[in-house]
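S.K.: Got a structure for you, target32.pdb, holding PDB, C-alpha atoms.
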ATOM      1  CA  MET A1348     -36.118-152.402 171.146
ATOM      2  CA  SER A1349     -36.860-148.685 170.803
ATOM      3  CA  ILE A1350     -34.343-146.246 172.209
ATOM      4  CA  LEU A1351     -36.710-143.307 171.638
ATOM      5  CA  GLU A1352     -40.506-143.325 171.655
ATOM      6  CA  VAL A1353     -42.980-140.513 171.198
ATOM      7  CA  LYS A1354     -46.522-141.398 172.249
ATOM      8  CA  ASN A1355     -49.568-139.277 171.393
ATOM      9  CA  VAL A1356     -47.698-135.988 171.871
ATOM     10  CA  GLN A1357     -49.778-132.840 171.621
ATOM     11  CA  LYS A1358     -48.829-129.173 171.858
ATOM     12  CA  VAL A1359     -50.965-126.045 171.573
ATOM     13  CA  PHE A1360     -49.733-122.462 171.095
ATOM     14  CA  ASP A1361     -52.198-119.568 171.296
ATOM     15  CA  GLY A1362     -55.121-121.894 170.652
ATOM     16  CA  ARG A1363     -53.466-123.502 167.618
ATOM     17  CA  LYS A1364     -52.694-127.217 167.804
ATOM     18  CA  VAL A1365     -49.084-127.418 166.595
ATOM     19  CA  LEU A1366     -48.730-131.135 167.391
ATOM     20  CA  ASP A1367     -51.814-133.311 167.258
ATOM     21  CA  GLY A1368     -51.163-136.833 168.530
ATOM     22  CA  VAL A1369     -47.676-137.589 167.190
ATOM     23  CA  ASN A1370     -46.362-141.137 167.559
ATOM     24  CA  LEU A1371     -42.829-142.229 166.628
ATOM     25  CA  SER A1372     -40.536-145.112 167.527
ATOM     26  CA  VAL A1373     -36.801-145.278 166.789
ATOM     27  CA  GLY A1374     -34.597-148.330 167.298
ATOM     28  CA  LYS A1375     -30.991-148.354 168.467
ATOM     29  CA  GLY A1376     -28.594-147.447 165.675
ATOM     30  CA  GLU A1377     -31.369-146.301 163.329
ATOM     31  CA  THR A1378     -31.513-142.975 161.523
ATOM     32  CA  MET A1379     -34.946-141.383 161.689
ATOM     33  CA  VAL A1380     -35.593-138.422 159.393
ATOM     34  CA  ILE A1381     -38.452-136.064 160.269
ATOM     35  CA  MET A1382     -39.672-133.959 157.343
ATOM     36  CA  GLY A1383     -42.324-131.376 156.690
ATOM     37  CA  GLY A1384     -42.927-127.827 155.506
ATOM     38  CA  SER A1385     -42.756-124.617 157.503
ATOM     39  CA  GLY A1386     -45.153-124.635 160.444
ATOM     40  CA  CYS A1387     -45.793-128.382 160.334
ATOM     41  CA  GLY A1388     -44.519-128.866 163.903
ATOM     42  CA  LYS A1389     -41.160-130.559 163.318
ATOM     43  CA  SER A1390     -39.126-127.955 165.239
ATOM     44  CA  THR A1391     -41.565-128.103 168.145
ATOM     45  CA  LEU A1392     -41.349-131.893 168.137
ATOM     46  CA  LEU A1393     -37.545-131.705 168.230
ATOM     47  CA  LYS A1394     -37.630-129.358 171.236
ATOM     48  CA  ILE A1395     -39.968-131.747 173.040
ATOM     49  CA  MET A1396     -37.768-134.759 172.303
ATOM     50  CA  ILE A1397     -34.711-133.062 173.818
ATOM     51  CA  GLY A1398     -36.654-131.832 176.842
ATOM     52  CA  GLN A1399     -36.438-128.149 175.939
ATOM     53  CA  LEU A1400     -40.224-127.911 175.740
ATOM     54  CA  LYS A1401     -43.002-129.737 177.593
ATOM     55  CA  PRO A1402     -45.950-131.161 175.622
ATOM     56  CA  ASP A1403     -49.508-130.489 176.732
ATOM     57  CA  ALA A1404     -50.240-134.214 176.500
ATOM     58  CA  GLY A1405     -48.431-137.407 175.636
ATOM     59  CA  GLU A1406     -45.196-139.128 176.623
ATOM     60  CA  VAL A1407     -41.588-139.238 175.447
ATOM     61  CA  PHE A1408     -39.291-142.129 176.368
ATOM     62  CA  ILE A1409     -35.512-142.043 175.998
ATOM     63  CA  ASP A1410     -33.840-145.382 176.636
ATOM     64  CA  GLY A1411     -36.992-146.540 178.447
ATOM     65  CA  GLU A1412     -37.228-143.490 180.737
ATOM     66  CA  GLU A1413     -40.226-141.169 180.462
ATOM     67  CA  ILE A1414     -38.824-137.613 180.361
ATOM     68  CA  VAL A1415     -41.862-135.326 180.184
ATOM     69  CA  ARG A1416     -42.431-135.259 183.938
ATOM     70  CA  LEU A1417     -38.781-135.099 184.967
ATOM     71  CA  ARG A1418     -37.472-132.165 186.965
ATOM     72  CA  ASP A1419     -34.649-130.058 185.515
ATOM     73  CA  ALA A1420     -31.921-131.799 187.516
ATOM     74  CA  GLU A1421     -33.235-135.212 186.448
ATOM     75  CA  MET A1422     -33.480-134.098 182.834
ATOM     76  CA  ASP A1423     -29.861-132.904 182.914
ATOM     77  CA  LYS A1424     -28.794-136.509 183.602
ATOM     78  CA  VAL A1425     -30.843-137.765 180.648
ATOM     79  CA  ARG A1426     -29.248-135.155 178.367
ATOM     80  CA  LEU A1427     -25.885-136.821 178.917
ATOM     81  CA  LYS A1428     -27.265-139.684 176.812
ATOM     82  CA  PHE A1429     -27.673-137.549 173.715
ATOM     83  CA  GLY A1430     -25.871-134.954 171.641
ATOM     84  CA  MET A1431     -27.319-132.062 169.648
ATOM     85  CA  LEU A1432     -26.132-130.547 166.370
ATOM     86  CA  TYR A1433     -27.794-127.152 166.026
ATOM     87  CA  GLN A1434     -28.637-125.665 162.654
ATOM     88  CA  GLY A1435     -25.945-122.974 162.852
ATOM     89  CA  GLY A1436     -23.458-125.159 164.687
ATOM     90  CA  ALA A1437     -23.567-122.911 167.800
ATOM     91  CA  LEU A1438     -19.800-122.954 168.318
ATOM     92  CA  LEU A1439     -18.449-120.449 170.826
ATOM     93  CA  ASN A1440     -16.477-117.952 168.744
ATOM     94  CA  SER A1441     -14.125-117.013 171.582
ATOM     95  CA  LEU A1442     -12.867-120.605 171.924
ATOM     96  CA  THR A1443     -10.671-122.749 169.705
ATOM     97  CA  LEU A1444     -12.105-125.902 168.143
ATOM     98  CA  ALA A1445     -10.371-128.003 170.800
ATOM     99  CA  GLN A1446     -11.870-125.897 173.569
ATOM    100  CA  ASN A1447     -15.336-126.097 171.994
ATOM    101  CA  VAL A1448     -15.200-129.880 171.712
ATOM    102  CA  ALA A1449     -13.743-130.211 175.219
ATOM    103  CA  LEU A1450     -16.632-128.304 176.841
ATOM    104  CA  PRO A1451     -18.928-131.314 177.465
ATOM    105  CA  LEU A1452     -15.983-133.303 178.814
ATOM    106  CA  THR A1453     -14.827-130.602 181.223
ATOM    107  CA  GLU A1454     -18.376-129.828 182.368
ATOM    108  CA  HIS A1455     -19.659-133.379 182.847
ATOM    109  CA  THR A1456     -16.645-135.558 183.631
ATOM    110  CA  ARG A1457     -13.693-135.595 186.001
ATOM    111  CA  LEU A1458     -11.243-136.816 183.410
ATOM    112  CA  ASP A1459      -7.623-135.730 183.555
ATOM    113  CA  ARG A1460      -6.768-132.868 181.209
ATOM    114  CA  LYS A1461      -4.420-135.082 179.183
ATOM    115  CA  ILE A1462      -7.196-137.636 178.639
ATOM    116  CA  ILE A1463      -9.580-134.882 177.544
ATOM    117  CA  ASP A1464      -7.011-133.589 175.053
ATOM    118  CA  ILE A1465      -6.649-137.076 173.576
ATOM    119  CA  MET A1466     -10.421-137.516 173.316
ATOM    120  CA  VAL A1467     -10.797-134.107 171.653
ATOM    121  CA  LYS A1468      -8.241-135.070 169.014
ATOM    122  CA  MET A1469     -10.061-138.358 168.449
ATOM    123  CA  LYS A1470     -13.446-136.661 168.006
ATOM    124  CA  LEU A1471     -12.055-134.068 165.596
ATOM    125  CA  ALA A1472     -10.361-136.842 163.638
ATOM    126  CA  GLN A1473     -13.677-138.706 163.407
ATOM    127  CA  VAL A1474     -15.215-135.746 161.585
ATOM    128  CA  GLY A1475     -12.196-135.130 159.350
ATOM    129  CA  LEU A1476     -10.694-132.213 161.280
ATOM    130  CA  ALA A1477      -7.483-133.747 162.616
ATOM    131  CA  GLY A1478      -4.878-131.035 163.162
ATOM    132  CA  PHE A1479      -7.445-128.234 163.408
ATOM    133  CA  GLU A1480      -7.471-128.119 167.227
ATOM    134  CA  LYS A1481      -6.084-124.562 167.489
ATOM    135  CA  LYS A1482      -8.272-123.050 164.790
ATOM    136  CA  MET A1483     -10.938-120.498 165.734
ATOM    137  CA  PRO A1484     -14.502-120.869 164.394
ATOM    138  CA  SER A1485     -14.077-117.650 162.388
ATOM    139  CA  GLU A1486     -11.294-119.342 160.395
ATOM    140  CA  LEU A1487     -13.537-122.173 159.196
ATOM    141  CA  SER A1488     -15.928-122.672 156.300
ATOM    142  CA  GLY A1489     -19.592-123.443 156.967
ATOM    143  CA  GLY A1490     -19.084-127.157 156.433
ATOM    144  CA  MET A1491     -16.083-127.272 158.750
ATOM    145  CA  LYS A1492     -18.063-125.480 161.465
ATOM    146  CA  LYS A1493     -20.801-128.104 161.151
ATOM    147  CA  ARG A1494     -18.251-130.889 161.464
ATOM    148  CA  ALA A1495     -16.630-129.257 164.499
ATOM    149  CA  ALA A1496     -20.053-128.864 166.115
ATOM    150  CA  LEU A1497     -20.715-132.542 165.408
ATOM    151  CA  ALA A1498     -17.433-133.465 167.115
ATOM    152  CA  ARG A1499     -18.655-131.574 170.178
ATOM    153  CA  ALA A1500     -22.069-133.280 169.990
ATOM    154  CA  ILE A1501     -20.441-136.730 170.156
ATOM    155  CA  ALA A1502     -17.779-135.835 172.736
ATOM    156  CA  LEU A1503     -19.516-137.850 175.470
ATOM    157  CA  ASP A1504     -20.235-140.823 173.178
ATOM    158  CA  PRO A1505     -24.010-140.337 173.329
ATOM    159  CA  SER A1506     -26.539-143.031 172.444
ATOM    160  CA  ILE A1507     -28.576-140.552 170.382
ATOM    161  CA  VAL A1508     -27.624-137.533 168.288
ATOM    162  CA  PHE A1509     -30.267-135.003 167.260
ATOM    163  CA  TYR A1510     -29.661-132.948 164.106
ATOM    164  CA  ASP A1511     -31.497-129.723 163.254
ATOM    165  CA  GLU A1512     -31.234-129.147 159.489
ATOM    166  CA  PRO A1513     -27.625-130.433 159.241
ATOM    167  CA  GLY A1514     -27.310-129.515 155.560
ATOM    168  CA  ALA A1515     -28.739-125.996 155.854
ATOM    169  CA  GLY A1516     -26.591-123.387 154.113
ATOM    170  CA  LEU A1517     -24.158-125.932 152.674
ATOM    171  CA  ASP A1518     -23.451-126.696 149.033
ATOM    172  CA  PRO A1519     -24.449-130.188 147.826
ATOM    173  CA  ILE A1520     -20.928-131.623 148.049
ATOM    174  CA  VAL A1521     -20.335-130.450 151.619
ATOM    175  CA  ALA A1522     -23.856-131.527 152.616
ATOM    176  CA  ALA A1523     -23.050-135.003 151.284
ATOM    177  CA  VAL A1524     -19.971-135.085 153.540
ATOM    178  CA  ILE A1525     -22.178-134.339 156.565
ATOM    179  CA  ASP A1526     -24.577-137.075 155.429
ATOM    180  CA  ARG A1527     -21.700-139.551 155.258
ATOM    181  CA  LEU A1528     -20.649-138.636 158.800
ATOM    182  CA  ILE A1529     -24.206-139.201 160.061
ATOM    183  CA  MET A1530     -24.316-142.608 158.383
ATOM    184  CA  ASP A1531     -20.886-143.569 159.712
ATOM    185  CA  LEU A1532     -21.849-142.673 163.286
ATOM    186  CA  SER A1533     -24.993-144.765 163.004
ATOM    187  CA  LYS A1534     -23.553-147.779 161.214
ATOM    188  CA  LYS A1535     -20.039-147.955 162.656
ATOM    189  CA  LEU A1536     -20.597-146.667 166.195
ATOM    190  CA  GLY A1537     -24.216-147.723 166.717
ATOM    191  CA  MET A1538     -25.446-144.195 167.493
ATOM    192  CA  THR A1539     -29.104-143.420 166.886
ATOM    193  CA  SER A1540     -29.714-140.348 164.727
ATOM    194  CA  ILE A1541     -32.822-138.145 164.714
ATOM    195  CA  VAL A1542     -32.601-135.726 161.795
ATOM    196  CA  VAL A1543     -34.978-132.833 161.130
ATOM    197  CA  THR A1544     -34.590-131.705 157.513
ATOM    198  CA  HIS A1545     -36.375-130.590 154.385
ATOM    199  CA  GLU A1546     -33.517-131.641 152.079
ATOM    200  CA  MET A1547     -34.920-134.539 150.070
ATOM    201  CA  LYS A1548     -31.661-135.901 148.642
ATOM    202  CA  SER A1549     -30.113-135.947 152.085
ATOM    203  CA  ALA A1550     -33.201-137.474 153.695
ATOM    204  CA  PHE A1551     -33.388-140.422 151.305
ATOM    205  CA  ARG A1552     -29.629-140.916 151.461
ATOM    206  CA  ILE A1553     -29.353-141.307 155.231
ATOM    207  CA  ALA A1554     -32.739-142.526 156.509
ATOM    208  CA  ASP A1555     -33.671-145.938 157.831
ATOM    209  CA  LYS A1556     -37.116-144.581 158.687
ATOM    210  CA  MET A1557     -38.910-141.385 157.718
ATOM    211  CA  ALA A1558     -41.848-139.427 159.087
ATOM    212  CA  VAL A1559     -43.661-136.664 157.203
ATOM    213  CA  LEU A1560     -45.535-134.098 159.311
ATOM    214  CA  PHE A1561     -48.461-132.015 158.116
ATOM    215  CA  LYS A1562     -50.367-129.677 160.440
ATOM    216  CA  GLY A1563     -49.016-131.426 163.512
ATOM    217  CA  ARG A1564     -49.818-134.968 162.395
ATOM    218  CA  VAL A1565     -47.675-137.759 160.984
ATOM    219  CA  ILE A1566     -49.273-138.365 157.582
ATOM    220  CA  ALA A1567     -46.625-140.814 156.334
ATOM    221  CA  TYR A1568     -44.258-143.080 158.270
ATOM    222  CA  GLY A1569     -41.979-145.896 157.176
ATOM    223  CA  THR A1570     -38.843-146.774 155.243
ATOM    224  CA  PRO A1571     -37.668-144.494 152.413
ATOM    225  CA  GLU A1572     -39.149-146.923 149.872
ATOM    226  CA  GLU A1573     -42.495-146.912 151.677
ATOM    227  CA  ILE A1574     -42.502-143.114 151.748
ATOM    228  CA  LYS A1575     -41.776-142.975 148.018
ATOM    229  CA  LYS A1576     -44.782-145.242 147.417
ATOM    230  CA  SER A1577     -47.123-143.242 149.684
ATOM    231  CA  ASP A1578     -50.548-142.665 148.132
ATOM    232  CA  ASN A1579     -50.835-139.259 149.818
ATOM    233  CA  PRO A1580     -50.541-136.581 147.099
ATOM    234  CA  TYR A1581     -49.143-134.061 149.590
ATOM    235  CA  VAL A1582     -46.273-136.430 150.425
ATOM    236  CA  GLN A1583     -45.596-136.942 146.729
ATOM    237  CA  GLN A1584     -45.592-133.178 146.170
ATOM    238  CA  PHE A1585     -43.133-132.761 149.016
ATOM    239  CA  ILE A1586     -40.819-135.407 147.558
ATOM    240  CA  ASP A1587     -41.016-134.091 144.006
ATOM    241  CA  GLY A1588     -41.041-130.360 144.670
ATOM    242  CA  SER A1589     -41.871-128.085 147.559
ATOM    243  CA  LEU A1590     -44.445-128.680 150.252
ATOM    244  CA  GLU A1591     -45.350-124.990 150.318
ATOM    245  CA  ALA A1592     -45.954-125.116 146.557
ATOM    246  CA  ALA A1593     -48.371-128.036 146.803
ATOM    247  CA  SER A1594     -51.556-127.631 144.826
ATOM    248  CA  VAL A1595     -54.917-126.925 146.429
ATOM    249  CA  SER A1596     -56.130-130.347 145.363
ATOM    250  CA  ALA A1597     -53.170-131.974 147.117
ATOM    251  CA  LYS A1598     -53.953-130.013 150.285
ATOM    252  CA  ASP A1599     -57.601-131.006 150.105
ATOM    253  CA  SER A1600     -56.625-134.643 149.602
ATOM    254  CA  THR A1601     -54.334-134.472 152.622
ATOM    255  CA  GLU A1602     -57.125-133.029 154.756
ATOM    256  CA  GLU A1603     -59.308-135.961 153.703
ATOM    257  CA  TYR A1604     -56.418-138.334 154.397
ATOM    258  CA  ILE A1605     -56.005-136.973 157.940
ATOM    259  CA  LYS A1606     -59.756-137.156 158.473
ATOM    260  CA  SER A1607     -59.736-140.820 157.480
ATOM    261  CA  LEU A1608     -56.891-141.492 159.924
ATOM    262  CA  VAL A1609     -58.797-139.866 162.766
ATOM    263  CA  GLU A1610     -62.030-141.684 161.959
ATOM    264  CA  GLY A1611     -60.143-144.953 161.642
ATOM    265  CA  ASN A1612     -58.738-144.682 165.189
TER     266      ASN A1612
END
Would you give me this structure, written as structure tokens?
M.R.:
Amino acid sequence: MSILEVKNVQKVFDGRKVLDGVNLSVGKGETMVIMGGSGCGKSTLLKIMIGQLKPDAGEVFIDGEEIVRLRDAEMDKVRLKFGMLYQGGALLNSLTLAQNVALPLTEHTRLDRKIIDIMVKMKLAQVGLAGFEKKMPSELSGGMKKRAALARAIALDPSIVFYDEPGAGLDPIVAAVIDRLIMDLSKKLGMTSIVVTHEMKSAFRIADKMAVLFKGRVIAYGTPEEIKKSDNPYVQQFIDGSLEAASVSAKDSTEEYIKSLVEGN
């Protein structure tokens, strides 16, 4: 059973179709990686999936509930089902790590302060930051900030966690630590992970399913092994090098590939 579904989502900005009929389905406990070059629509898709942006057409279901037409108050209730790890972490610099992680608990529950303190310690321990409760964000490395932000994202034990470029700005070793945390949350706690990234090593390390976007369309979708075997030259260029550096012939082939998909529907 899918815990998140995206059906024929479309979005237009200034006459340009940023998303052009995107379809995705993610099962409970799966890790879905969404990849693509700059301007492919992945950030817009992420904003639509978390209800920050409304599509011009299409539907988005979270745990069976269609969210596109929900009012703000209704959407706030749905947001309690998921956590969000922002690219820069988005920790509040004036608060300690414990206070940052406690924010969702104090805002959305009526738990006793002592219970919240215990839960905060548990969440920080889950991301390898036990004993760092009194530290300020300015005292932490980039990787530690990401882990603290992840502790805050899972404070309410969400069903889904969305990640926006979790490895951005981190060295390979620290990025691998974040990858391990994502996998542990999915495999050990049954959380569903939606990860937007362009880091290939990370993507193939953590993904159960992958989707490659190009000009607002999903041009490849499947398991990591299926993506590796894709016959689309643009996908292969993205895996082997850089999507932006893809050759003209690869771009032309992708245009033909998309055209065949459209004509085949």
S.K.: For a quick check of understanding, using all atoms listed in the file, which of A:Ile1586, A:Ile1350, A:Val1542, A:Ile1553 has the smallest distance to A:Ile1381?
M.R.: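 So, comparing all the options, the nearest one is A:Val1542.
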S.K.: Under the rule that all atoms listed in the file are counted, which of A:Gly1386, A:Thr1456, A:Val1353, A:Met1466 is the nearest residue to A:Glu1413?
M.R.: A:Val1353
S.K.: Excluding A:Ile1409 and any residue of its chain fewer than 3 positions from it, enumerate the residues within 8 Å of it, using all atoms listed in the file, and give them as an mmCIF file with C-alpha atoms, in the coordinates of the input.
M.R.:
data_model
loop_
_atom_site.group_PDB
_atom_site.id
_atom_site.type_symbol
_atom_site.label_atom_id
_atom_site.label_comp_id
_atom_site.auth_asym_id
_atom_site.auth_seq_id
_atom_site.Cartn_x
_atom_site.Cartn_y
_atom_site.Cartn_z
ATOM 1 C CA ILE A 1350 -34.343 -146.246 172.209
ATOM 2 C CA LEU A 1351 -36.710 -143.307 171.638
ATOM 3 C CA GLU A 1352 -40.506 -143.325 171.655
ATOM 4 C CA GLU A 1412 -37.228 -143.490 180.737
ATOM 5 C CA GLU A 1413 -40.226 -141.169 180.462
ATOM 6 C CA ILE A 1414 -38.824 -137.613 180.361
ATOM 7 C CA VAL A 1425 -30.843 -137.765 180.648
#
S.K.: Just say which residues the PyMOL selection byres ((chain A and resi 1469) around 12) picks in this file, as a short mmCIF file (atom, residue, chain, number, x, y, z; two decimals) with C-alpha atoms, keeping the file's coordinate frame.
M.R.:
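Listing of part_10.cif after writing:
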data_model
loop_
_atom_site.label_atom_id
_atom_site.label_comp_id
_atom_site.auth_asym_id
_atom_site.auth_seq_id
_atom_site.Cartn_x
_atom_site.Cartn_y
_atom_site.Cartn_z
CA ALA A 1445 -10.37 -128.00 170.80
CA VAL A 1448 -15.20 -129.88 171.71
CA ALA A 1449 -13.74 -130.21 175.22
CA ILE A 1462 -7.20 -137.64 178.64
CA ILE A 1463 -9.58 -134.88 177.54
CA ASP A 1464 -7.01 -133.59 175.05
CA ILE A 1465 -6.65 -137.08 173.58
CA MET A 1466 -10.42 -137.52 173.32
CA VAL A 1467 -10.80 -134.11 171.65
CA LYS A 1468 -8.24 -135.07 169.01
CA LYS A 1470 -13.45 -136.66 168.01
CA LEU A 1471 -12.06 -134.07 165.60
CA ALA A 1472 -10.36 -136.84 163.64
CA GLN A 1473 -13.68 -138.71 163.41
CA VAL A 1474 -15.22 -135.75 161.58
CA GLY A 1475 -12.20 -135.13 159.35
CA LEU A 1476 -10.69 -132.21 161.28
CA ALA A 1477 -7.48 -133.75 162.62
CA GLY A 1478 -4.88 -131.04 163.16
CA PHE A 1479 -7.44 -128.23 163.41
CA GLU A 1480 -7.47 -128.12 167.23
CA ALA A 1495 -16.63 -129.26 164.50
CA ALA A 1498 -17.43 -133.46 167.12
CA ARG A 1499 -18.66 -131.57 170.18
CA ILE A 1501 -20.44 -136.73 170.16
CA ALA A 1502 -17.78 -135.84 172.74
CA LEU A 1503 -19.52 -137.85 175.47
CA ASP A 1504 -20.24 -140.82 173.18
#
S.K.: Please provide the set of residues having any atom within 10 Å of A:Arg1552, restricted to only C-alpha atoms, with same-chain residues fewer than 6 positions apart removed, written as a CSV table (one decimal) with C-alpha atoms, in the frame of the given file.
M.R.:
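Here's the written file part_14.csv:
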chain,number,residue,atom,x,y,z
A,1523,ALA,CA,-23.0,-135.0,151.3
A,1526,ASP,CA,-24.6,-137.1,155.4
A,1527,ARG,CA,-21.7,-139.6,155.3
A,1530,MET,CA,-24.3,-142.6,158.4
A,1571,PRO,CA,-37.7,-144.5,152.4
S.K.: With a distance cut-off of 10 Å and all atoms listed in the file, select the neighbouring residues of A:Ser1549, excluding the residue or stretch itself and same-chain residues fewer than 5 positions from it, and output the selection as a list in words.
M.R.: Val1380, Pro1513, Gly1514, Pro1519, Ala1522, Ala1523, Ile1525, Asp1526, Arg1527, Thr1544 and Ala1554 of chain A
